[in-house]
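Trainee: So that you have it, the file is run.pdb, and it contains PDB, C-alpha atoms:
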ATOM      1  CA  MET A   1      53.643   3.160 -54.545
ATOM      2  CA  SER A   2      55.516   6.379 -53.948
ATOM      3  CA  ALA A   3      57.061   8.438 -51.197
ATOM      4  CA  ASN A   4      56.058  11.542 -53.084
ATOM      5  CA  PRO A   5      52.562  12.508 -51.825
ATOM      6  CA  VAL A   6      51.749  13.434 -55.425
ATOM      7  CA  LEU A   7      52.644  10.021 -56.857
ATOM      8  CA  SER A   8      50.592   7.889 -54.521
ATOM      9  CA  PRO A   9      48.540   4.722 -55.169
ATOM     10  CA  GLN A  10      45.327   6.640 -54.532
ATOM     11  CA  ARG A  11      45.954   8.606 -57.701
ATOM     12  CA  TRP A  12      45.799   5.361 -59.698
ATOM     13  CA  GLU A  13      42.261   4.797 -58.540
ATOM     14  CA  GLN A  14      41.323   8.394 -59.276
ATOM     15  CA  ALA A  15      42.855   8.248 -62.754
ATOM     16  CA  ARG A  16      40.833   5.159 -63.620
ATOM     17  CA  ALA A  17      37.644   6.594 -62.163
ATOM     18  CA  GLU A  18      37.962   9.843 -64.121
ATOM     19  CA  ASP A  19      38.852   8.269 -67.464
ATOM     20  CA  GLN A  20      36.601   7.057 -70.226
ATOM     21  CA  PRO A  21      34.685   3.759 -70.123
ATOM     22  CA  GLY A  22      37.179   0.956 -70.208
ATOM     23  CA  TRP A  23      38.850   2.271 -67.067
ATOM     24  CA  ALA A  24      35.908   2.750 -64.762
ATOM     25  CA  ALA A  25      33.086   0.900 -66.484
ATOM     26  CA  PRO A  26      32.008  -2.411 -64.954
ATOM     27  CA  SER A  27      32.946  -5.594 -66.730
ATOM     28  CA  GLY A  28      30.428  -7.934 -68.234
ATOM     29  CA  SER A  29      30.085  -9.676 -64.893
ATOM     30  CA  GLY A  30      29.187  -6.380 -63.245
ATOM     31  CA  SER A  31      32.312  -6.343 -61.086
ATOM     32  CA  LEU A  32      35.106  -3.739 -61.111
ATOM     33  CA  ALA A  33      37.478  -6.228 -59.533
ATOM     34  CA  ALA A  34      37.935  -8.079 -62.815
ATOM     35  CA  THR A  35      39.350  -4.967 -64.489
ATOM     36  CA  ASP A  36      41.116  -3.384 -61.528
ATOM     37  CA  VAL A  37      44.840  -2.667 -61.454
ATOM     38  CA  ALA A  38      46.497  -4.903 -58.885
ATOM     39  CA  MET A  39      48.980  -3.132 -56.622
ATOM     40  CA  THR A  40      50.119  -5.836 -54.292
ATOM     41  CA  ALA A  41      53.787  -6.283 -53.328
ATOM     42  CA  GLY A  42      54.732  -3.526 -55.750
ATOM     43  CA  THR A  43      53.437  -5.321 -58.862
ATOM     44  CA  MET A  44      50.523  -4.578 -61.159
ATOM     45  CA  ARG A  45      48.471  -6.391 -63.726
ATOM     46  CA  PRO A  46      47.956  -4.595 -67.043
ATOM     47  CA  ALA A  47      45.006  -2.246 -66.904
ATOM     48  CA  PRO A  48      42.105  -2.285 -69.395
ATOM     49  CA  PRO A  49      42.743  -0.366 -72.657
ATOM     50  CA  VAL A  50      41.790   3.292 -72.710
ATOM     51  CA  ALA A  51      39.031   4.289 -75.096
ATOM     52  CA  ASP A  52      41.349   6.311 -77.354
ATOM     53  CA  ALA A  53      44.073   3.617 -77.117
ATOM     54  CA  ARG A  54      46.668   6.154 -75.968
ATOM     55  CA  THR A  55      48.478   5.210 -72.802
ATOM     56  CA  MET A  56      51.255   6.540 -70.623
ATOM     57  CA  THR A  57      54.843   5.777 -71.624
ATOM     58  CA  ILE A  58      58.195   6.324 -69.896
ATOM     59  CA  GLY A  59      59.486   8.278 -72.899
ATOM     60  CA  GLY A  60      56.440  10.531 -72.866
ATOM     61  CA  THR A  61      56.867  11.173 -69.153
ATOM     62  CA  LEU A  62      60.534  12.103 -69.585
ATOM     63  CA  THR A  63      59.600  14.446 -72.427
ATOM     64  CA  ALA A  64      56.961  16.119 -70.268
ATOM     65  CA  THR A  65      59.512  16.431 -67.455
ATOM     66  CA  GLY A  66      61.913  18.144 -69.854
ATOM     67  CA  VAL A  67      59.212  20.615 -70.882
ATOM     68  CA  LEU A  68      58.459  21.448 -67.239
ATOM     69  CA  PHE A  69      62.125  22.108 -66.523
ATOM     70  CA  VAL A  70      62.461  24.387 -69.559
ATOM     71  CA  LEU A  71      59.493  26.409 -68.267
ATOM     72  CA  LEU A  72      60.978  26.404 -64.765
ATOM     73  CA  LEU A  73      64.298  27.708 -66.085
ATOM     74  CA  LEU A  74      62.630  30.446 -68.153
ATOM     75  CA  THR A  75      60.825  32.028 -65.219
ATOM     76  CA  GLY A  76      63.751  31.155 -62.972
ATOM     77  CA  TRP A  77      65.931  33.420 -65.115
ATOM     78  CA  VAL A  78      63.375  36.221 -64.687
ATOM     79  CA  GLY A  79      63.318  35.730 -60.917
ATOM     80  CA  TRP A  80      67.122  35.669 -60.839
ATOM     81  CA  SER A  81      67.338  38.981 -62.725
ATOM     82  CA  GLN A  82      64.977  40.692 -60.266
ATOM     83  CA  VAL A  83      67.424  40.344 -57.368
ATOM     84  CA  THR A  84      69.816  43.298 -57.412
ATOM     85  CA  GLN A  85      72.723  44.293 -55.219
ATOM     86  CA  THR A  86      74.078  47.820 -54.855
ATOM     87  CA  GLU A  87      76.998  49.268 -52.924
ATOM     88  CA  ILE A  88      76.466  52.389 -50.858
ATOM     89  CA  THR A  89      79.474  54.428 -49.787
ATOM     90  CA  ILE A  90      79.028  56.169 -46.450
ATOM     91  CA  PRO A  91      81.398  59.144 -46.122
ATOM     92  CA  ALA A  92      83.794  59.455 -43.219
ATOM     93  CA  THR A  93      82.829  61.359 -40.122
ATOM     94  CA  ALA A  94      84.757  62.707 -37.187
ATOM     95  CA  PHE A  95      84.087  59.470 -35.324
ATOM     96  CA  GLU A  96      84.517  56.740 -37.964
ATOM     97  CA  PRO A  97      86.165  56.285 -41.368
ATOM     98  CA  ALA A  98      84.334  55.962 -44.683
ATOM     99  CA  ARG A  99      82.820  52.574 -45.301
ATOM    100  CA  THR A 100      80.920  50.715 -47.974
ATOM    101  CA  GLU A 101      77.696  48.861 -47.295
ATOM    102  CA  VAL A 102      76.037  46.372 -49.626
ATOM    103  CA  SER A 103      72.281  46.517 -50.094
ATOM    104  CA  THR A 104      70.401  43.580 -51.621
ATOM    105  CA  ASP A 105      66.943  44.070 -53.068
ATOM    106  CA  PHE A 106      64.788  40.930 -53.032
ATOM    107  CA  PRO A 107      61.488  41.321 -54.904
ATOM    108  CA  GLY A 108      58.642  40.224 -52.674
ATOM    109  CA  TRP A 109      56.297  39.818 -55.623
ATOM    110  CA  VAL A 110      58.001  36.562 -56.672
ATOM    111  CA  PHE A 111      56.181  34.827 -53.824
ATOM    112  CA  LEU A 112      52.789  35.629 -55.363
ATOM    113  CA  PRO A 113      53.235  33.334 -58.382
ATOM    114  CA  MET A 114      54.862  30.796 -56.044
ATOM    115  CA  ILE A 115      51.754  30.747 -53.848
ATOM    116  CA  GLY A 116      49.652  30.374 -56.988
ATOM    117  CA  ALA A 117      51.907  27.494 -58.062
ATOM    118  CA  LEU A 118      51.462  25.778 -54.698
ATOM    119  CA  VAL A 119      47.683  26.044 -55.075
ATOM    120  CA  LEU A 120      47.943  24.581 -58.581
ATOM    121  CA  GLY A 121      50.134  21.824 -57.149
ATOM    122  CA  LEU A 122      47.391  20.865 -54.699
ATOM    123  CA  VAL A 123      44.806  20.947 -57.482
ATOM    124  CA  THR A 124      47.018  18.691 -59.603
ATOM    125  CA  ALA A 125      47.520  16.270 -56.719
ATOM    126  CA  PHE A 126      43.764  15.794 -56.369
ATOM    127  CA  LYS A 127      42.868  16.124 -60.054
ATOM    128  CA  PRO A 128      45.547  14.289 -62.088
ATOM    129  CA  LYS A 129      43.552  14.697 -65.287
ATOM    130  CA  LEU A 130      44.247  18.454 -65.173
ATOM    131  CA  ALA A 131      48.021  17.912 -65.114
ATOM    132  CA  ARG A 132      48.393  18.745 -68.824
ATOM    133  CA  VAL A 133      47.484  22.342 -67.935
ATOM    134  CA  THR A 134      48.283  22.752 -64.251
ATOM    135  CA  ALA A 135      51.753  21.148 -64.310
ATOM    136  CA  PRO A 136      53.204  23.672 -66.832
ATOM    137  CA  LEU A 137      51.555  26.544 -64.926
ATOM    138  CA  TYR A 138      53.042  25.184 -61.696
ATOM    139  CA  ALA A 139      56.522  25.141 -63.239
ATOM    140  CA  LEU A 140      56.122  28.689 -64.557
ATOM    141  CA  GLY A 141      54.893  30.062 -61.235
ATOM    142  CA  TYR A 142      57.407  28.278 -59.033
ATOM    143  CA  GLY A 143      60.336  29.232 -61.270
ATOM    144  CA  PHE A 144      60.219  32.901 -60.239
ATOM    145  CA  ALA A 145      60.849  32.091 -56.578
ATOM    146  CA  ILE A 146      63.457  29.420 -57.350
ATOM    147  CA  GLY A 147      65.436  31.894 -59.462
ATOM    148  CA  ALA A 148      65.270  34.685 -56.898
ATOM    149  CA  ILE A 149      66.192  32.411 -53.982
ATOM    150  CA  SER A 150      69.069  30.943 -55.964
ATOM    151  CA  HIS A 151      70.456  34.400 -56.738
ATOM    152  CA  MET A 152      70.287  35.369 -53.061
ATOM    153  CA  TYR A 153      72.335  32.304 -52.154
ATOM    154  CA  ASN A 154      74.801  32.996 -54.953
ATOM    155  CA  LEU A 155      75.355  36.578 -53.822
ATOM    156  CA  GLN A 156      76.229  35.334 -50.363
ATOM    157  CA  PHE A 157      78.260  32.319 -51.502
ATOM    158  CA  ASP A 158      79.735  32.823 -54.951
ATOM    159  CA  GLY A 159      79.338  29.804 -57.246
ATOM    160  CA  ILE A 160      77.075  27.872 -54.876
ATOM    161  CA  VAL A 161      74.200  27.624 -57.376
ATOM    162  CA  LEU A 162      76.377  25.956 -59.989
ATOM    163  CA  GLN A 163      77.578  23.508 -57.348
ATOM    164  CA  ALA A 164      73.992  22.776 -56.256
ATOM    165  CA  VAL A 165      72.820  22.201 -59.834
ATOM    166  CA  ALA A 166      75.761  19.876 -60.524
ATOM    167  CA  ALA A 167      75.135  17.971 -57.289
ATOM    168  CA  THR A 168      71.408  17.627 -58.040
ATOM    169  CA  LEU A 169      72.053  16.297 -61.538
ATOM    170  CA  SER A 170      74.672  13.918 -60.146
ATOM    171  CA  VAL A 171      72.280  12.557 -57.518
ATOM    172  CA  PHE A 172      69.569  12.169 -60.164
ATOM    173  CA  GLY A 173      71.945  10.280 -62.470
ATOM    174  CA  VAL A 174      73.278   8.019 -59.726
ATOM    175  CA  VAL A 175      69.807   7.151 -58.380
ATOM    176  CA  PHE A 176      68.520   6.504 -61.903
ATOM    177  CA  PHE A 177      71.464   4.189 -62.603
ATOM    178  CA  LEU A 178      71.013   2.331 -59.318
ATOM    179  CA  TYR A 179      67.298   1.939 -59.994
ATOM    180  CA  ALA A 180      67.701   0.921 -63.653
ATOM    181  CA  THR A 181      70.287  -1.731 -62.760
ATOM    182  CA  ARG A 182      68.068  -2.887 -59.867
ATOM    183  CA  ILE A 183      70.859  -2.295 -57.353
ATOM    184  CA  ILE A 184      68.150  -0.378 -55.525
ATOM    185  CA  GLN A 185      65.048  -2.529 -55.107
ATOM    186  CA  VAL A 186      61.982  -0.359 -54.562
ATOM    187  CA  THR A 187      59.950  -2.721 -52.436
ATOM    188  CA  PRO A 188      56.730  -1.795 -50.599
ATOM    189  CA  ARG A 189      58.777  -1.637 -47.377
ATOM    190  CA  PHE A 190      61.277   0.751 -49.002
ATOM    191  CA  ALA A 191      58.379   2.952 -50.160
ATOM    192  CA  ARG A 192      56.724   2.951 -46.713
ATOM    193  CA  ILE A 193      59.954   3.936 -44.972
ATOM    194  CA  THR A 194      60.558   6.729 -47.468
ATOM    195  CA  MET A 195      56.989   7.979 -47.185
ATOM    196  CA  ALA A 196      57.224   8.031 -43.391
ATOM    197  CA  ALA A 197      60.491   9.986 -43.581
ATOM    198  CA  VAL A 198      58.993  12.495 -46.021
ATOM    199  CA  GLY A 199      55.985  12.914 -43.734
ATOM    200  CA  GLY A 200      58.236  13.588 -40.759
ATOM    201  CA  ILE A 201      60.203  16.202 -42.711
ATOM    202  CA  LEU A 202      56.998  17.917 -43.834
ATOM    203  CA  VAL A 203      55.823  18.069 -40.215
ATOM    204  CA  MET A 204      59.162  19.604 -39.203
ATOM    205  CA  TYR A 205      58.841  22.248 -41.930
ATOM    206  CA  LEU A 206      55.256  23.021 -40.896
ATOM    207  CA  VAL A 207      55.961  23.252 -37.153
ATOM    208  CA  SER A 208      58.962  25.497 -37.811
ATOM    209  CA  TRP A 209      56.890  27.785 -40.031
ATOM    210  CA  VAL A 210      53.998  28.044 -37.542
ATOM    211  CA  ALA A 211      56.435  28.731 -34.676
ATOM    212  CA  THR A 212      58.011  31.535 -36.717
ATOM    213  CA  LEU A 213      54.594  33.169 -37.125
ATOM    214  CA  PHE A 214      54.345  33.376 -33.323
ATOM    215  CA  GLY A 215      57.843  34.764 -32.919
ATOM    216  CA  ALA A 216      59.539  31.543 -31.815
ATOM    217  CA  ASP A 217      62.819  30.463 -33.380
ATOM    218  CA  ILE A 218      63.183  26.695 -33.509
ATOM    219  CA  THR A 219      65.012  26.482 -36.814
ATOM    220  CA  PHE A 220      68.034  24.840 -35.206
ATOM    221  CA  TRP A 221      68.329  22.676 -38.300
ATOM    222  CA  ASN A 222      69.167  25.817 -40.285
ATOM    223  CA  GLU A 223      72.216  26.575 -38.174
ATOM    224  CA  PRO A 224      75.754  25.699 -39.409
ATOM    225  CA  THR A 225      76.259  23.238 -36.568
ATOM    226  CA  PRO A 226      76.987  19.496 -36.751
ATOM    227  CA  LEU A 227      73.325  18.866 -35.900
ATOM    228  CA  GLY A 228      72.026  21.269 -38.554
ATOM    229  CA  ILE A 229      74.361  19.867 -41.212
ATOM    230  CA  GLY A 230      73.488  16.298 -40.215
ATOM    231  CA  ILE A 231      69.749  16.963 -40.522
ATOM    232  CA  SER A 232      70.277  18.550 -43.947
ATOM    233  CA  VAL A 233      72.271  15.504 -45.110
ATOM    234  CA  VAL A 234      69.472  13.194 -43.932
ATOM    235  CA  ILE A 235      66.864  15.273 -45.808
ATOM    236  CA  CYS A 236      68.956  15.071 -48.996
ATOM    237  CA  ILE A 237      69.164  11.283 -48.613
ATOM    238  CA  VAL A 238      65.383  11.035 -48.148
ATOM    239  CA  ALA A 239      64.840  13.202 -51.251
ATOM    240  CA  ALA A 240      67.135  10.874 -53.217
ATOM    241  CA  MET A 241      65.140   7.873 -51.956
ATOM    242  CA  SER A 242      61.984   9.630 -53.132
ATOM    243  CA  LEU A 243      63.481   9.823 -56.611
ATOM    244  CA  ALA A 244      63.874   6.042 -56.691
ATOM    245  CA  VAL A 245      60.270   5.530 -55.649
ATOM    246  CA  ASP A 246      59.104   8.072 -58.225
ATOM    247  CA  PHE A 247      60.963   6.124 -60.924
ATOM    248  CA  ALA A 248      59.168   2.982 -59.798
ATOM    249  CA  PHE A 249      55.797   4.700 -59.918
ATOM    250  CA  ILE A 250      56.392   5.969 -63.467
ATOM    251  CA  GLU A 251      57.627   2.582 -64.685
ATOM    252  CA  GLU A 252      54.744   0.647 -63.170
ATOM    253  CA  ALA A 253      52.164   3.186 -64.344
ATOM    254  CA  SER A 254      53.492   2.883 -67.888
ATOM    255  CA  LYS A 255      53.426  -0.916 -67.778
ATOM    256  CA  ALA A 256      49.885  -0.850 -66.421
ATOM    257  CA  GLY A 257      48.718   1.275 -69.366
ATOM    258  CA  MET A 258      47.553   4.308 -67.451
ATOM    259  CA  PRO A 259      45.895   7.144 -69.409
ATOM    260  CA  LYS A 260      48.078   9.426 -71.535
ATOM    261  CA  TYR A 261      47.566  12.446 -69.272
ATOM    262  CA  MET A 262      49.337  10.570 -66.471
ATOM    263  CA  GLU A 263      52.612  11.345 -68.264
ATOM    264  CA  TRP A 264      52.187  14.957 -67.201
ATOM    265  CA  TYR A 265      51.172  13.889 -63.730
ATOM    266  CA  GLY A 266      54.249  11.692 -63.373
ATOM    267  CA  ALA A 267      56.421  14.520 -64.731
ATOM    268  CA  PHE A 268      54.856  16.899 -62.213
ATOM    269  CA  GLY A 269      55.630  14.571 -59.300
ATOM    270  CA  LEU A 270      59.215  14.055 -60.473
ATOM    271  CA  THR A 271      59.688  17.823 -60.846
ATOM    272  CA  VAL A 272      58.437  18.418 -57.299
ATOM    273  CA  THR A 273      60.993  15.945 -55.931
ATOM    274  CA  LEU A 274      63.880  17.354 -57.987
ATOM    275  CA  VAL A 275      63.137  20.949 -56.962
ATOM    276  CA  TRP A 276      62.998  19.861 -53.319
ATOM    277  CA  LEU A 277      66.314  18.038 -53.693
ATOM    278  CA  TYR A 278      67.941  21.070 -55.342
ATOM    279  CA  LEU A 279      66.801  23.490 -52.647
ATOM    280  CA  GLU A 280      67.946  21.150 -49.882
ATOM    281  CA  ILE A 281      71.353  20.664 -51.501
ATOM    282  CA  LEU A 282      71.591  24.450 -51.854
ATOM    283  CA  ARG A 283      70.878  24.841 -48.135
ATOM    284  CA  LEU A 284      73.346  22.091 -47.212
ATOM    285  CA  LEU A 285      76.117  23.702 -49.245
ATOM    286  CA  SER A 286      75.422  27.068 -47.602
ATOM    287  CA  LEU A 287      75.744  25.475 -44.151
ATOM    288  CA  LEU A 288      79.023  23.887 -45.149
ATOM    289  CA  ARG A 289      80.289  27.208 -46.529
ATOM    290  CA  GLN A 290      79.500  28.878 -43.200
TER     291      GLN A 290
END
Have the structure of the file written as structure tokens, please.

Mentor:
Amino acid sequence: MSANPVLSPQRWEQARAEDQPGWAAPSGSGSLAATDVAMTAGTMRPAPPVADARTMTIGGTLTATGVLFVLLLLTGWVGWSQVTQTEITIPATAFEPARTEVSTDFPGWVFLPMIGALVLGLVTAFKPKLARVTAPLYALGYGFAIGAISHMYNLQFDGIVLQAVAATLSVFGVVFFLYATRIIQVTPRFARITMAAVGGILVMYLVSWVATLFGADITFWNEPTPLGIGISVVICIVAAMSLAVDFAFIEEASKAGMPKYMEWYGAFGLTVTLVWLYLEILRLLSLLRQ
């Protein structure tokens, strides 16, 4: 149960099917139903023990998430350092005075590892068992673009990256507290609404991107208007809701005794949501600054 397309119920079935006997092997009665993980009304029955007796834990998932963010920050620093800004002084002429122009160099190569990371993200989504390897590679590849994009924003709006990081951590902390204290109840209805909202946002992103390829400009939601700012606020709220549903997925997966490699898969899904939230907060702050 998750609004994040990565952390979806279908991945539970795939994880059990790909694991050792004890997850996918029939029971003595010849029926898989007796050993299946129940996912009705947001609850689950404990799953059968894994062959090597190692199962997913919340602590292990948080540790894996920390590792992914360290890797993301390492390559993010490299991407940040590749963006340079130089001042060019144009001498005075008979018609206009001397002036200074600022030139910003954005390295296009940072999008190559980002594209590779997106491909690895899709592979991870369909092959959770590979998450131990693909999730760290995803974080490394995506970090270059995150760092470069962040530096571009910071050059235009001084201090905005620090504000975005602080806001992202604050939202994460608040949502975690609300979820842990059960002030937020992640019910199946809550998850469905969040998933539908995420789907709608993804469609908006896709349509906007395709329209841009054909020369059309329909990115009205990127303009510093009340409508553009309002849409950005809504997207940030949906991303925060996704965090709550991701927490629920990780907690229930741990209680159900999913395989150990699902810690990396859960960490991967949580990282995807947090990066999305950070970028959207960064965009929202830039609209407000304008």

Trainee: Enumerate, as a PyMOL selection string, the residues matched when the PyMOL selection byres ((chain A and resi 137) around 12) is run on the file above.

Mentor: chain A and resi 67-69+71-72+75+113-121+123-124+130-136+138-144+264+268

Trainee: How far is it from atom CA of A:Ala191 to atom CA of A:Ala166, in Å with one decimal?

Mentor: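 Computing it gives 26.4 Å between the two atoms.
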
Trainee: Quick check, in Å to one decimal: how far apart do atom CA of A:Thr65 and atom CA of A:Leu155 lie?

Mentor: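 Atom CA of A:Leu155 lies 29.0 Å from atom CA of A:Thr65.
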
Trainee: Just give me the gap between atom CA of A:Val245 and atom CA of A:Leu162 in Å, one decimal is fine.

Mentor: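 Separating atom CA of A:Val245 from atom CA of A:Leu162 is a distance of 26.4 Å.
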
Trainee: Nearest to A:Arg289: which of A:Asp105, A:Glu252, A:Asp158, A:Asp246 is it, counting only C-alpha atoms?

Mentor: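 Once distances to A:Arg289 are computed over only C-alpha atoms, the minimum belongs to A:Asp158.
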
Trainee: Once the PyMOL selection byres ((chain A and resi 241) around 12) has been applied to the shown file, what residues remain in the selection, as a PDB file with C-alpha atoms, in the frame of the given file?

Mentor:
ATOM      1  CA  SER A   2      55.516   6.379 -53.948  1.00  0.00           C
ATOM      2  CA  ALA A   3      57.061   8.438 -51.197  1.00  0.00           C
ATOM      3  CA  ASN A   4      56.058  11.542 -53.084  1.00  0.00           C
ATOM      4  CA  VAL A 171      72.280  12.557 -57.518  1.00  0.00           C
ATOM      5  CA  PHE A 172      69.569  12.169 -60.164  1.00  0.00           C
ATOM      6  CA  VAL A 174      73.278   8.019 -59.726  1.00  0.00           C
ATOM      7  CA  VAL A 175      69.807   7.151 -58.380  1.00  0.00           C
ATOM      8  CA  PHE A 176      68.520   6.504 -61.903  1.00  0.00           C
ATOM      9  CA  LEU A 178      71.013   2.331 -59.318  1.00  0.00           C
ATOM     10  CA  TYR A 179      67.298   1.939 -59.994  1.00  0.00           C
ATOM     11  CA  ILE A 184      68.150  -0.378 -55.525  1.00  0.00           C
ATOM     12  CA  GLN A 185      65.048  -2.529 -55.107  1.00  0.00           C
ATOM     13  CA  VAL A 186      61.982  -0.359 -54.562  1.00  0.00           C
ATOM     14  CA  THR A 187      59.950  -2.721 -52.436  1.00  0.00           C
ATOM     15  CA  PHE A 190      61.277   0.751 -49.002  1.00  0.00           C
ATOM     16  CA  ALA A 191      58.379   2.952 -50.160  1.00  0.00           C
ATOM     17  CA  ARG A 192      56.724   2.951 -46.713  1.00  0.00           C
ATOM     18  CA  ILE A 193      59.954   3.936 -44.972  1.00  0.00           C
ATOM     19  CA  THR A 194      60.558   6.729 -47.468  1.00  0.00           C
ATOM     20  CA  MET A 195      56.989   7.979 -47.185  1.00  0.00           C
ATOM     21  CA  ALA A 196      57.224   8.031 -43.391  1.00  0.00           C
ATOM     22  CA  ALA A 197      60.491   9.986 -43.581  1.00  0.00           C
ATOM     23  CA  VAL A 198      58.993  12.495 -46.021  1.00  0.00           C
ATOM     24  CA  VAL A 234      69.472  13.194 -43.932  1.00  0.00           C
ATOM     25  CA  ILE A 235      66.864  15.273 -45.808  1.00  0.00           C
ATOM     26  CA  CYS A 236      68.956  15.071 -48.996  1.00  0.00           C
ATOM     27  CA  ILE A 237      69.164  11.283 -48.613  1.00  0.00           C
ATOM     28  CA  VAL A 238      65.383  11.035 -48.148  1.00  0.00           C
ATOM     29  CA  ALA A 239      64.840  13.202 -51.251  1.00  0.00           C
ATOM     30  CA  ALA A 240      67.135  10.874 -53.217  1.00  0.00           C
ATOM     31  CA  SER A 242      61.984   9.630 -53.132  1.00  0.00           C
ATOM     32  CA  LEU A 243      63.481   9.823 -56.611  1.00  0.00           C
ATOM     33  CA  ALA A 244      63.874   6.042 -56.691  1.00  0.00           C
ATOM     34  CA  VAL A 245      60.270   5.530 -55.649  1.00  0.00           C
ATOM     35  CA  ASP A 246      59.104   8.072 -58.225  1.00  0.00           C
ATOM     36  CA  PHE A 247      60.963   6.124 -60.924  1.00  0.00           C
ATOM     37  CA  ALA A 248      59.168   2.982 -59.798  1.00  0.00           C
ATOM     38  CA  THR A 273      60.993  15.945 -55.931  1.00  0.00           C
ATOM     39  CA  LEU A 274      63.880  17.354 -57.987  1.00  0.00           C
ATOM     40  CA  LEU A 277      66.314  18.038 -53.693  1.00  0.00           C
TER      41      LEU A 277
END

Trainee: Please return the centre and edge lengths, in Å to one decimal, of a box with edges along x, y and z that contains all listed atoms of stretch 271-289 of chain A, widened by 3 Å on every side, as JSON.

Mentor:
{"center_x": 69.4, "center_y": 21.6, "center_z": -52.5, "size_x": 27.9, "size_y": 17.3, "size_z": 22.7}

Trainee: Pick from A:Leu73, A:His151, A:Phe111, A:Lys129: nearest to A:Gln85, with only C-alpha atoms counted?

Mentor: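 Using only C-alpha atoms, the shortest distance to A:Gln85 belongs to A:His151.
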
Trainee: When you count only C-alpha atoms, which of these residues is closest to A:Leu284: A:Met204, A:Val233, A:Gly199, A:Gly76?

Mentor: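 Once distances to A:Leu284 are computed over only C-alpha atoms, the minimum belongs to A:Val233.
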
Trainee: Would you please work out which residue, of A:Gly79, A:Gly269, A:Gly200, A:Gly173, is nearest to A:Ala145 when using only C-alpha atoms?

Mentor: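 Closest residue, counting only C-alpha atoms: A:Gly79.
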
Trainee: So which one's closest to A:Asn222, A:Leu270, A:Val83, A:Leu122, A:Leu285? Using all atoms listed in the file, please.

Mentor: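 Selected residue with least distance to A:Asn222: A:Leu285.
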
Trainee: Under the rule that only C-alpha atoms are counted, which of A:Val110, A:Leu282, A:Leu287, A:Ala180 is the nearest residue to A:Gly147?

Mentor: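 Among the listed residues, the smallest separation from A:Gly147 belongs to A:Val110.
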
Trainee: What would the list of residues within 12 Å of (58.1, 12.3, -72.9) (file frame) look like as a PyMOL selection string, if all atoms listed in the file are what count?

Mentor: chain A and resi 55-68+250+254+260-267

Trainee: With the input short on atoms, add N, CA and C atoms back to stretch 222-234 of chain A and write it as a CSV table (one decimal), in the coordinates of the input.

Mentor:
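And here's part_35.csv as it stands now:
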chain,number,residue,atom,x,y,z
A,222,ASN,N,68.6,24.9,-39.3
A,222,ASN,CA,69.2,25.8,-40.3
A,222,ASN,C,70.5,26.4,-39.9
A,223,GLU,N,71.0,26.0,-38.7
A,223,GLU,CA,72.2,26.6,-38.2
A,223,GLU,C,73.4,25.8,-38.7
A,224,PRO,N,74.6,26.4,-38.9
A,224,PRO,CA,75.8,25.7,-39.4
A,224,PRO,C,76.5,24.9,-38.3
A,225,THR,N,75.7,24.1,-37.6
A,225,THR,CA,76.3,23.2,-36.6
A,225,THR,C,76.3,21.8,-37.0
A,226,PRO,N,77.0,20.9,-36.4
A,226,PRO,CA,77.0,19.5,-36.8
A,226,PRO,C,75.6,18.9,-36.8
A,227,LEU,N,74.7,19.3,-35.9
A,227,LEU,CA,73.3,18.9,-35.9
A,227,LEU,C,72.6,19.4,-37.1
A,228,GLY,N,72.7,20.7,-37.4
A,228,GLY,CA,72.0,21.3,-38.6
A,228,GLY,C,72.5,20.7,-39.9
A,229,ILE,N,73.8,20.5,-40.0
A,229,ILE,CA,74.4,19.9,-41.2
A,229,ILE,C,73.9,18.4,-41.3
A,230,GLY,N,73.9,17.7,-40.2
A,230,GLY,CA,73.5,16.3,-40.2
A,230,GLY,C,72.0,16.1,-40.6
A,231,ILE,N,71.2,17.0,-40.1
A,231,ILE,CA,69.7,17.0,-40.5
A,231,ILE,C,69.6,17.2,-42.0
A,232,SER,N,70.3,18.2,-42.5
A,232,SER,CA,70.3,18.6,-43.9
A,232,SER,C,70.7,17.4,-44.8
A,233,VAL,N,71.8,16.7,-44.4
A,233,VAL,CA,72.3,15.5,-45.1
A,233,VAL,C,71.2,14.4,-45.1
A,234,VAL,N,70.5,14.2,-44.0
A,234,VAL,CA,69.5,13.2,-43.9
A,234,VAL,C,68.3,13.6,-44.9
